[in-house]
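To keep things clear, I will list the structure first and then write my remarks on it.
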Amino acid sequence: MSDDDIYTDALHAGQEPDPATGSRAPPIYQTTSYVFDDDEHAAELFALEGEPMSYADAYTGKNIYSRIMNPTTMMLENRLAKLEGGIGCMTTASGMSSLDLATFLLAESGDNIVTASALYGGTYTYFTHTASRRGIDTRFVDTLDYEGYEEAIDEDTAYLHAETIGNPALVTPDLERLADIAHDNGVPLFLDNTFATPYLCNPFDYGADLIWHSTTKWIHGSGSTIGGALVDAGGSPWDEWGYEEIAEDNPAYHGVNFAERFGDAAFTFAARARGLRDLGNQQSPFDGWATLQKLESLPLRLQRHSDNAMAVAEYLEAHPAVAWVNYPGLESHETHDNASEYLDNGYGGMITFGLAAGYEAGKRVCRETELASLVANVGDAKTLIIHPASTTHQQLTDEEQQASGVTDDLVRLSVGLEGTQDIIDDLDQAIETAS
Ligand SMILES: *Cc1c(COP(=O)(O)O)cnc(C)c1O
């Protein structure tokens with residue numbers, strides 16, 4: 001996507017003036033249900049006839065019930081699908097519920113998930129303690145160990161998973177290589193694109209099949225609204241790969257075979273008619289509306305987040321009290337080359353670093369910042385800081401902390417949109433006191 005297209009699509013994709021009222025802004029359709037023309041019309045919609053829930057049209061007049069589809073959230077879904085270059089999108093109540101929606105469709109008891117080990121803490125716990133309760137085993141592979149992925153995948157693997165900018169070391173794996181490994185073994189590549197957003201990375205260009213987002217983070221960007229999105233590239237060979245929920249006669253939907261019926265959009269239709277319908281984890285119309293407002297300025301914000309973070313990373317790298325800095329934009333970063341290949345426009349808003357004085361100093365620096373807030377969130381317009389070992393990751397065992405890359409001294413910084421020098425000055429006084 002060219003830079004200009006994303007500025008236009010962030011404002012216009014998926015939305016037209018409201019056909020009923022002419023409203024230029026997206027209306028909030030706060031309704032549970034929709035009046036059918038008559039009983040035959042109702043029967044057709046339930047039979048998925050006439051392509052209801054079309055991803056191409058938010059105003060289909062073919063809506064059934066807001067657990068399955070809603071015109072406000074569908075505008076957001078259509079916009080995100082366009083920004084990612086996908087065929088369809090489902091927005092969900094949170095990022096975690098998008099992960100769960102995909103897992104529900106792709107994996108059943110006895111299957112396994114193969115994932116990069118550089119992961120958001122909540123994703124790690126979902127795999128180890130939630131998917132496991134449903135009989136789904138997870139195999140963690142060192143994020144850059146491509147042979148390790150090959151070895152871990154077997155005939156029961158449901159999907160290969162990784163983050164485009166992985167927590168907490170901010171590593172970017174070779175995405176094309178991951179896609180090849182997945183496809184050679186007949187499984188989809190499923191990527192968490194939260195830290196990059198579609199402004200920095202379009203994983204479908206590199207072979208990914210599915211993408212998920214915590215829209216809670218940069219896509220909304222003001223720290224007011226929890227949400228998630230699951231985006232479908234379209235056209236993955238679900239039939240050939242043997243995914244029964246998608247490509248066999250589905251007894252849960254009176255025998256519909258989504259692959260036969262909906263072709264390239266099979267996953268999207270299955271995720272909506274099977275997943276959202278039975279899991280009930282859809283996004284609310286109000287939250288969808290709030291996220292649509294903020295998505296309009298995504299390109300402007302992500303550019304500024306990236307520019308500010310680059311300046312802060314360079315400042316930290318030059319500071320004598322700082323032992324190490326992880327920022328994908330620095331040449332010293334372990335996957336700077338992959339990041340430069342797969343990310344456009346910049347390297348995102350996240351930095352991790354360690355102070356030479358270690359654990360206590362890491363805790364202290366978070367207490368001493370005034371502009372940066374001590375918060376368990378990232379991707380806010382305001383700068384945020386946290387010391388994971390004593391907070392978000394405190395419940396993990398030492399081995400689990402080690403495996404997830406959270407060292408004792410690690411400080412996580414989500415660089416906001418404030419004045420660049422103000423962010424640096426704030427860190428400067430905090431580091432001085434803490435060291
Ligand atoms: C926050 C986050 C999630 C989980 O999203 P929620 O909206 O909090 O459920 C998943 N992945 C990454 C990378 C995140 O930062």
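By order of appearance in the structure tokens: chains A, B, ..., then residues from 1 within every chain, and ligands from 1 in the order shown.
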Ligand 1: which residues are within 8 Å, counting only C-alpha atoms and all ligand atoms, as a count of residues only? 27
Quick check for you: according to DSSP on this backbone, which residues of range 74-272 of chain A are classed as strand (DSSP E)? Reply as a PyMOL selection string. chain A and resi 88-92+112-116+137-141+157-163+189-192+210-214+228-232
Find the residues around Ile68 in chain A up to 10 Å (only C-alpha atoms counted), leave out those fewer than 4 positions away in its own chain, and share them as a ChimeraX atom specification. /A:32,53,63-64,90,271-283
8 Å contact set for range 354-370 of chain A, only C-alpha atoms, chain neighbours under 3 positions out, as number ranges by chain: A: 321-325, 373-374, 385-387, 390, 408-411, 426-427, 429-431, 433-435
Which of A:Gln303, A:Ser340, A:Ser297, A:Leu413 sits closest to Asn326 in chain A [using only C-alpha atoms]: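 The closest residue to Asn326 in chain A is A:Leu413.
Among A:Glu108, A:Glu432, A:Arg304, A:Arg412, the residue with the shortest atom-to-atom distance to Pro320 in chain A, counting only C-alpha atoms, is A:Glu432.
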